[in-house]
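Text of upload_6.csv, listed as CSV, C-alpha atoms:
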chain,number,residue,atom,x,y,z
A,942,MET,CA,-132.4,-61.5,-166.3
A,943,GLY,CA,-131.4,-65.0,-165.1
A,944,LEU,CA,-132.3,-64.4,-161.5
A,945,VAL,CA,-135.8,-63.9,-160.4
A,946,SER,CA,-135.4,-60.9,-158.2
A,947,LYS,CA,-137.7,-60.3,-155.3
A,948,ASP,CA,-138.4,-57.4,-153.0
A,949,ARG,CA,-137.2,-58.0,-149.5
A,950,ILE,CA,-138.5,-56.5,-146.3
A,951,ARG,CA,-137.6,-57.0,-142.6
A,952,ALA,CA,-139.3,-55.4,-139.6
A,953,LYS,CA,-138.0,-55.8,-136.1
A,954,LEU,CA,-138.8,-54.3,-132.7
A,955,LYS,CA,-135.9,-52.3,-131.4
A,956,LYS,CA,-136.2,-50.5,-128.1
A,957,GLY,CA,-139.9,-50.3,-128.3
A,958,ASN,CA,-140.0,-48.9,-131.9
A,959,THR,CA,-140.3,-50.8,-135.1
A,960,SER,CA,-137.3,-50.7,-137.4
A,961,VAL,CA,-138.1,-51.5,-141.0
A,962,ARG,CA,-135.6,-52.3,-143.7
A,963,LEU,CA,-136.7,-52.6,-147.3
A,964,LEU,CA,-134.9,-53.7,-150.4
A,965,LEU,CA,-136.8,-53.4,-153.7
A,966,ALA,CA,-135.7,-55.2,-156.8
A,967,HIS,CA,-135.8,-52.6,-159.6
A,968,PRO,CA,-133.3,-51.6,-162.3
A,969,MET,CA,-134.0,-47.8,-161.8
A,970,HIS,CA,-132.9,-46.8,-165.3
A,971,THR,CA,-132.5,-43.0,-165.4
A,972,GLY,CA,-133.1,-42.7,-169.1
A,973,ARG,CA,-129.5,-41.4,-169.6
A,974,ALA,CA,-127.5,-44.6,-169.8
A,975,LYS,CA,-126.8,-46.5,-173.0
A,976,ASN,CA,-126.7,-50.2,-173.4
A,977,LYS,CA,-123.9,-52.1,-175.2
A,978,GLU,CA,-125.2,-51.2,-178.6
A,979,GLY,CA,-125.1,-47.5,-177.7
A,980,VAL,CA,-128.9,-47.2,-177.6
A,981,LEU,CA,-130.4,-45.2,-174.8
A,982,ILE,CA,-132.2,-47.3,-172.2
A,983,PRO,CA,-135.5,-45.7,-171.6
A,984,ALA,CA,-136.2,-44.3,-168.1
A,985,GLU,CA,-137.7,-46.8,-165.7
A,986,PHE,CA,-137.7,-45.9,-162.1
A,987,ILE,CA,-139.8,-46.3,-159.0
A,988,GLN,CA,-141.7,-43.0,-158.2
A,989,ASP,CA,-143.9,-43.7,-155.3
A,990,ILE,CA,-143.5,-46.0,-152.3
A,991,ARG,CA,-146.0,-46.2,-149.6
A,992,CYS,CA,-145.9,-48.0,-146.3
A,993,TRP,CA,-148.9,-49.1,-144.2
A,994,ARG,CA,-148.9,-50.5,-140.7
A,995,ASN,CA,-152.1,-52.4,-139.9
A,996,GLU,CA,-154.1,-50.5,-142.6
A,997,GLU,CA,-152.7,-47.1,-141.4
A,998,GLU,CA,-150.6,-45.2,-143.9
A,999,VAL,CA,-147.4,-44.2,-142.1
A,1000,LEU,CA,-144.9,-43.1,-144.7
A,1001,THR,CA,-144.6,-42.0,-148.3
A,1002,ILE,CA,-141.4,-42.0,-150.3
A,1003,LYS,CA,-141.1,-40.2,-153.6
A,1004,CYS,CA,-138.1,-41.2,-155.7
A,1005,GLY,CA,-136.5,-39.4,-158.6
A,1006,THR,CA,-134.0,-41.0,-161.0
A,1007,ALA,CA,-131.2,-40.4,-158.6
A,1008,THR,CA,-132.3,-43.2,-156.3
A,1009,ALA,CA,-129.8,-46.1,-156.5
A,1010,ARG,CA,-130.5,-49.3,-158.4
A,1011,ASN,CA,-132.3,-51.9,-156.2
A,1012,PRO,CA,-133.4,-49.1,-153.8
A,1013,TYR,CA,-132.7,-49.7,-150.1
A,1014,PHE,CA,-134.6,-47.9,-147.3
A,1015,SER,CA,-134.5,-48.1,-143.6
A,1016,PHE,CA,-136.7,-46.2,-141.3
A,1017,GLN,CA,-138.4,-46.4,-137.9
A,1018,LEU,CA,-142.0,-46.5,-136.8
A,1019,VAL,CA,-143.1,-45.3,-133.4
A,1020,GLY,CA,-144.1,-48.1,-131.1
A,1021,GLY,CA,-145.6,-51.2,-132.6
A,1022,GLU,CA,-146.1,-54.7,-131.5
A,1023,SER,CA,-144.8,-58.0,-132.7
A,1024,ASN,CA,-147.0,-59.5,-135.5
A,1025,ASP,CA,-148.0,-56.0,-136.8
A,1026,LEU,CA,-148.5,-56.2,-140.5
A,1027,ILE,CA,-146.1,-53.9,-142.5
A,1028,GLU,CA,-147.1,-53.5,-146.1
A,1029,ILE,CA,-145.2,-51.7,-148.9
A,1030,ARG,CA,-146.6,-50.8,-152.3
A,1031,TRP,CA,-144.6,-49.2,-155.0
A,1032,VAL,CA,-145.4,-47.8,-158.5
A,1033,ASP,CA,-142.9,-47.0,-161.2
A,1034,ASN,CA,-143.1,-44.5,-164.0
A,1035,MET,CA,-144.2,-47.2,-166.5
A,1036,GLY,CA,-147.1,-48.1,-164.3
A,1037,ALA,CA,-145.6,-51.3,-162.9
A,1038,LYS,CA,-146.6,-52.0,-159.3
A,1039,GLY,CA,-145.3,-54.1,-156.5
A,1040,LEU,CA,-146.5,-55.2,-153.2
A,1041,THR,CA,-144.5,-56.7,-150.4
A,1042,GLU,CA,-145.5,-57.3,-146.8
A,1043,THR,CA,-144.1,-58.8,-143.6
A,1044,ARG,CA,-145.0,-59.2,-139.9
A,1045,VAL,CA,-143.0,-57.5,-137.2
A,1046,LYS,CA,-140.7,-59.8,-135.3
B,1213,MET,CA,-162.6,-0.5,-184.1
B,1214,SER,CA,-159.5,0.6,-186.0
B,1215,LYS,CA,-157.4,-1.8,-188.0
B,1216,THR,CA,-154.4,-1.6,-185.7
B,1217,ASP,CA,-156.6,-2.4,-182.7
B,1218,GLN,CA,-157.9,-5.5,-184.5
B,1219,GLN,CA,-154.3,-6.6,-185.2
B,1220,ARG,CA,-153.3,-6.1,-181.6
B,1221,ARG,CA,-156.1,-8.3,-180.4
B,1222,THR,CA,-155.2,-11.1,-182.8
B,1223,ILE,CA,-151.6,-11.0,-181.6
B,1224,LEU,CA,-152.6,-11.0,-178.0
B,1225,LYS,CA,-154.9,-13.9,-178.5
B,1226,GLY,CA,-152.1,-15.8,-180.3
B,1227,ALA,CA,-149.7,-15.1,-177.5
B,1228,ILE,CA,-152.1,-16.2,-174.8
B,1229,SER,CA,-152.9,-19.5,-176.4
B,1230,ALA,CA,-149.2,-20.2,-177.2
B,1231,SER,CA,-148.2,-19.6,-173.6
B,1232,THR,CA,-151.1,-21.7,-172.3
B,1233,LEU,CA,-150.0,-24.5,-174.5
B,1234,ALA,CA,-146.4,-24.2,-173.3
B,1235,LEU,CA,-147.6,-24.3,-169.7
B,1236,VAL,CA,-149.7,-27.3,-170.2
B,1237,ALA,CA,-146.8,-29.1,-172.0
B,1238,ALA,CA,-144.5,-28.1,-169.1
B,1239,SER,CA,-146.8,-29.4,-166.5
B,1240,GLY,CA,-146.7,-32.8,-168.2
B,1241,LEU,CA,-150.4,-33.0,-169.1
B,1242,ILE,CA,-149.8,-33.7,-172.7
B,1243,VAL,CA,-147.3,-36.5,-172.1
B,1244,PRO,CA,-149.2,-39.7,-171.5
B,1245,GLN,CA,-148.7,-40.5,-167.8
B,1246,ARG,CA,-150.3,-43.1,-165.7
B,1247,LEU,CA,-150.8,-43.3,-162.0
B,1248,LEU,CA,-148.7,-40.3,-161.4
B,1249,ALA,CA,-151.3,-38.4,-159.4
B,1250,HIS,CA,-149.2,-37.7,-156.4
B,1251,TRP,CA,-145.8,-37.6,-158.0
B,1252,PRO,CA,-144.4,-34.0,-157.9
B,1253,THR,CA,-143.2,-33.9,-161.6
B,1254,ASP,CA,-142.2,-30.3,-161.4
B,1255,ALA,CA,-139.9,-30.8,-158.4
B,1256,PHE,CA,-138.3,-33.9,-159.8
B,1257,ASN,CA,-137.8,-32.4,-163.3
B,1258,SER,CA,-136.2,-29.2,-162.0
B,1259,GLU,CA,-132.7,-28.8,-163.1
B,1260,THR,CA,-131.5,-26.5,-160.3
B,1261,VAL,CA,-131.6,-27.0,-156.5
B,1262,GLU,CA,-133.5,-23.8,-156.0
B,1263,ASP,CA,-136.3,-24.7,-158.4
B,1264,ALA,CA,-136.7,-28.1,-157.0
B,1265,LEU,CA,-136.9,-26.8,-153.4
B,1266,LEU,CA,-139.3,-24.1,-154.3
B,1267,SER,CA,-141.8,-26.4,-155.8
B,1268,LEU,CA,-141.3,-29.1,-153.2
B,1269,VAL,CA,-141.1,-27.4,-149.9
B,1270,GLY,CA,-142.1,-23.8,-150.8
B,1271,GLN,CA,-140.5,-20.7,-149.6
B,1272,ALA,CA,-139.7,-20.5,-145.9
B,1273,GLU,CA,-136.9,-19.1,-143.9
B,1274,ILE,CA,-134.1,-21.6,-143.3
B,1275,ALA,CA,-133.9,-21.8,-139.5
B,1276,SER,CA,-130.8,-23.7,-138.6
B,1277,ASP,CA,-128.7,-26.6,-139.7
B,1278,LYS,CA,-127.7,-27.7,-136.2
B,1279,ALA,CA,-130.8,-29.8,-135.7
B,1280,LEU,CA,-129.9,-32.1,-138.5
B,1281,ASN,CA,-127.4,-34.9,-138.6
B,1282,PHE,CA,-126.7,-35.9,-142.1
B,1283,LYS,CA,-124.2,-38.5,-143.4
B,1284,VAL,CA,-123.4,-39.2,-147.0
B,1285,GLY,CA,-121.0,-41.8,-148.3
B,1286,SER,CA,-119.0,-44.5,-146.5
B,1287,PRO,CA,-116.6,-43.5,-145.1
B,1288,PRO,CA,-118.3,-40.1,-144.8
B,1289,SER,CA,-117.8,-37.6,-147.7
B,1290,TYR,CA,-116.4,-40.2,-150.0
B,1291,ALA,CA,-117.9,-42.8,-152.4
B,1292,VAL,CA,-116.1,-45.2,-154.6
B,1293,ASN,CA,-119.1,-45.9,-156.7
B,1294,GLY,CA,-121.5,-43.0,-157.4
B,1295,ALA,CA,-124.2,-45.4,-158.4
B,1296,SER,CA,-125.0,-46.3,-154.8
B,1297,VAL,CA,-124.0,-43.9,-152.1
B,1298,PRO,CA,-125.5,-44.4,-148.7
B,1299,VAL,CA,-127.2,-41.5,-147.0
B,1300,ALA,CA,-128.4,-41.3,-143.4
B,1301,ILE,CA,-130.5,-38.6,-141.9
B,1302,GLU,CA,-131.0,-38.2,-138.2
B,1303,SER,CA,-132.7,-35.4,-136.3
B,1304,ASN,CA,-134.3,-34.6,-133.0
B,1305,LEU,CA,-136.9,-32.3,-134.5
B,1306,GLU,CA,-140.5,-33.0,-133.9
B,1307,ASN,CA,-143.5,-32.9,-136.3
B,1308,ILE,CA,-141.4,-33.4,-139.4
B,1309,GLU,CA,-143.5,-33.1,-142.4
B,1310,ARG,CA,-141.1,-33.7,-145.3
B,1311,ILE,CA,-137.5,-34.5,-145.9
B,1312,ALA,CA,-135.8,-34.0,-149.2
B,1313,VAL,CA,-132.4,-35.1,-150.5
B,1314,LEU,CA,-130.8,-33.2,-153.3
B,1315,VAL,CA,-127.5,-33.7,-155.2
B,1316,GLU,CA,-126.4,-30.3,-156.6
B,1317,LYS,CA,-124.5,-31.5,-159.7
B,1318,ASN,CA,-126.9,-34.2,-160.8
B,1319,PRO,CA,-128.9,-33.5,-164.0
B,1320,PHE,CA,-132.0,-33.5,-161.9
B,1321,PRO,CA,-130.9,-32.6,-158.4
B,1322,LEU,CA,-133.9,-33.9,-156.4
B,1323,ALA,CA,-133.1,-37.5,-155.5
B,1324,MET,CA,-135.9,-38.4,-153.2
B,1325,SER,CA,-138.5,-36.9,-150.8
B,1326,PHE,CA,-140.2,-38.5,-147.8
B,1327,ASP,CA,-143.5,-37.5,-146.3
B,1328,LEU,CA,-143.6,-38.6,-142.7
B,1329,THR,CA,-146.7,-39.1,-140.6
B,1330,PRO,CA,-146.4,-38.8,-136.8
B,1331,ALA,CA,-146.0,-42.6,-136.7
B,1332,ALA,CA,-142.7,-42.6,-138.7
B,1333,ILE,CA,-139.5,-41.3,-137.1
B,1334,LEU,CA,-135.9,-41.0,-138.1
B,1335,PRO,CA,-133.1,-42.1,-138.6
B,1336,PHE,CA,-133.8,-42.7,-142.2
B,1337,LYS,CA,-131.3,-44.5,-144.5
B,1338,SER,CA,-131.2,-45.0,-148.2
B,1339,MET,CA,-128.9,-45.1,-151.3
B,1340,ILE,CA,-128.7,-42.5,-154.0
B,1341,LYS,CA,-126.8,-41.9,-157.2
B,1342,ILE,CA,-124.3,-39.1,-157.5
B,1343,ARG,CA,-122.9,-38.1,-160.9
B,1344,GLU,CA,-119.7,-36.3,-159.8
B,1345,ASP,CA,-118.1,-34.6,-156.8
B,1346,SER,CA,-120.9,-32.5,-155.5
B,1347,GLN,CA,-122.7,-31.0,-152.5
B,1348,VAL,CA,-125.4,-33.2,-151.2
B,1349,ILE,CA,-128.2,-31.3,-149.5
B,1350,ALA,CA,-130.7,-32.5,-147.0
B,1351,ILE,CA,-133.7,-30.4,-146.1
B,1352,ILE,CA,-136.3,-31.0,-143.4
B,1353,ARG,CA,-139.5,-29.1,-143.2
B,1354,ALA,CA,-141.0,-29.2,-139.7
B,1355,GLU,CA,-143.7,-26.8,-138.3
B,1356,GLY,CA,-143.4,-24.5,-141.3
B,1357,LYS,CA,-139.6,-24.0,-140.9
B,1358,LEU,CA,-136.9,-25.4,-143.1
B,1359,TYR,CA,-133.7,-27.0,-141.8
B,1360,LYS,CA,-131.0,-27.4,-144.3
B,1361,THR,CA,-127.6,-29.0,-144.2
B,1362,SER,CA,-125.1,-30.1,-146.9
B,1363,ARG,CA,-122.1,-32.3,-147.2
B,1364,PHE,CA,-119.5,-32.4,-150.0
B,1365,VAL,CA,-119.0,-35.8,-151.4
B,1366,GLU,CA,-116.1,-37.0,-153.6
B,1367,VAL,CA,-117.1,-39.7,-156.1
B,1368,ASP,CA,-114.6,-42.0,-157.9
B,1369,ILE,CA,-117.0,-43.4,-160.5
B,1370,GLY,CA,-119.9,-41.3,-161.5
B,1371,GLY,CA,-123.3,-43.0,-161.1
B,1372,CYS,CA,-125.7,-41.3,-163.5
B,1373,GLY,CA,-124.4,-42.7,-166.8
Representation of the structure as structure tokens:
Amino acid sequence: MGLVSKDRIRAKLKKGNTSVRLLLAHPMHTGRAKNKEGVLIPAEFIQDIRCWRNEEEVLTIKCGTATARNPYFSFQLVGGESNDLIEIRWVDNMGAKGLTETRVK
Amino acid sequence: MSKTDQQRRTILKGAISASTLALVAASGLIVPQRLLAHWPTDAFNSETVEDALLSLVGQAEIASDKALNFKVGSPPSYAVNGASVPVAIESNLENIERIAVLVEKNPFPLAMSFDLTPAAILPFKSMIKIREDSQVIAIIRAEGKLYKTSRFVEVDIGGCG
């Protein structure tokens, strides 16, 4: 774990709609893989991701173990103006939480 | 009350409490879980596509698959590394309530589900893990109808190890 990983988020206006791209830093262990010593790595994966735009909840994503490592999501929001606040919160199965936010460009 | 009647009662009682316990265990209430209030455990722990769909989107007639544009892999239908396979979902449907992505041959088929509000629209892109060559299914529920489509994806290196 040499690198300090960070969640990344970009939000841009495209043809009047807001396009959001999101990259979360998370190992997403399925609970089925083994480490070098042959011991099972316990499951650790993001379960719930929520997106707010200016205090209004716009999207919920539920993830299973089959979501790729360092999950990437891209989606569009209707309308929007520059400087809107886009806020993402996630929770994993161990109870760890994350918050990341950005302003629409 | 005769003796056999009494016995029958005890057996019934035992059976009921045993099945209740099994139910509670299956629903995950005994397992210590935190903050999982809205996570559909049943759907994500289902081992078949049918079970997962039933508990996630319920039963409804599948209307058509033409309304759904679904891409898996890059180039489409192929993935070198099953640990991160791009998926893209596009549709002209309105009032989409929920979208689910399932991988048929994965140990737990349901990969992810999105709940959309009217403020969120497609296309939607993400990455999933695929264990082996498999059908990947996308389902949209909009206005009480289900729209389903699937793509077969070849995987070189499985991604659920």
Near chain B, 8 Å: chain A residue rows, closest pairs, all atoms listed in the file, as CSV:
residue,atom,partner,partner_atom,distance
A:Thr971,CA,B:Cys1372,CA,7.3
A:Arg973,CA,B:Gly1373,CA,6.0
A:Ala974,CA,B:Gly1373,CA,4.7
A:Lys975,CA,B:Gly1373,CA,7.7
A:Gln988,CA,B:Trp1251,CA,6.8
A:Asp989,CA,B:Trp1251,CA,6.9
A:Glu998,CA,B:Thr1329,CA,8.0
A:Val999,CA,B:Thr1329,CA,5.4
A:Leu1000,CA,B:Leu1328,CA,5.1
A:Thr1001,CA,B:Asp1327,CA,5.0
A:Ile1002,CA,B:Phe1326,CA,4.5
A:Lys1003,CA,B:Ser1325,CA,5.0
A:Cys1004,CA,B:Met1324,CA,4.4
A:Gly1005,CA,B:Ala1323,CA,5.0
A:Thr1006,CA,B:Ala1323,CA,6.6
A:Ala1007,CA,B:Ala1323,CA,4.7
A:Thr1008,CA,B:Ile1340,CA,4.3
A:Ala1009,CA,B:Ile1340,CA,4.5
A:Arg1010,CA,B:Ser1296,CA,7.2
A:Pro1012,CA,B:Met1339,CA,6.5
A:Tyr1013,CA,B:Ser1338,CA,5.3
A:Phe1014,CA,B:Ser1338,CA,4.6
A:Ser1015,CA,B:Lys1337,CA,4.9
A:Phe1016,CA,B:Phe1336,CA,4.6
A:Gln1017,CA,B:Ile1333,CA,5.3
A:Leu1018,CA,B:Ala1332,CA,4.4
A:Val1019,CA,B:Ala1331,CA,5.2
A:Val1032,CA,B:Leu1247,CA,7.9
A:Asn1034,CA,B:Leu1248,CA,7.5
A:Met1035,CA,B:Arg1246,CA,7.4
A:Gly1036,CA,B:Arg1246,CA,6.1
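For the pair CA of Ser1362 (chain B) and CA of Val1348 (chain B), the separation is 5.3 Å.
Minimum atom-to-atom distance to Arg1044 (chain A), evaluated using all atoms listed in the file, belongs to A:Leu1026 out of A:Met969, A:Leu954, A:Leu1026, A:Ile982.
From CA of Gly957 (chain A) back to CA of Glu1306 (chain B), the distance works out to 18.2 Å.
The two atoms in question, CA of Ile950 (chain A) and CA of Leu964 (chain A), are spaced 6.1 Å apart.
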(Q) Using only C-alpha atoms, can you tell me which of B:Val1261, B:Val1269, B:Val1284, B:Val1292 comes closest to Glu1355 (chain B)? (A) B:Val1269
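For the choices A:Asp948, A:Asn995, A:Asn1011, A:Val1045, the atom-to-atom distance to Arg1030 (chain A) is smallest for A:Asp948 when using all atoms listed in the file.
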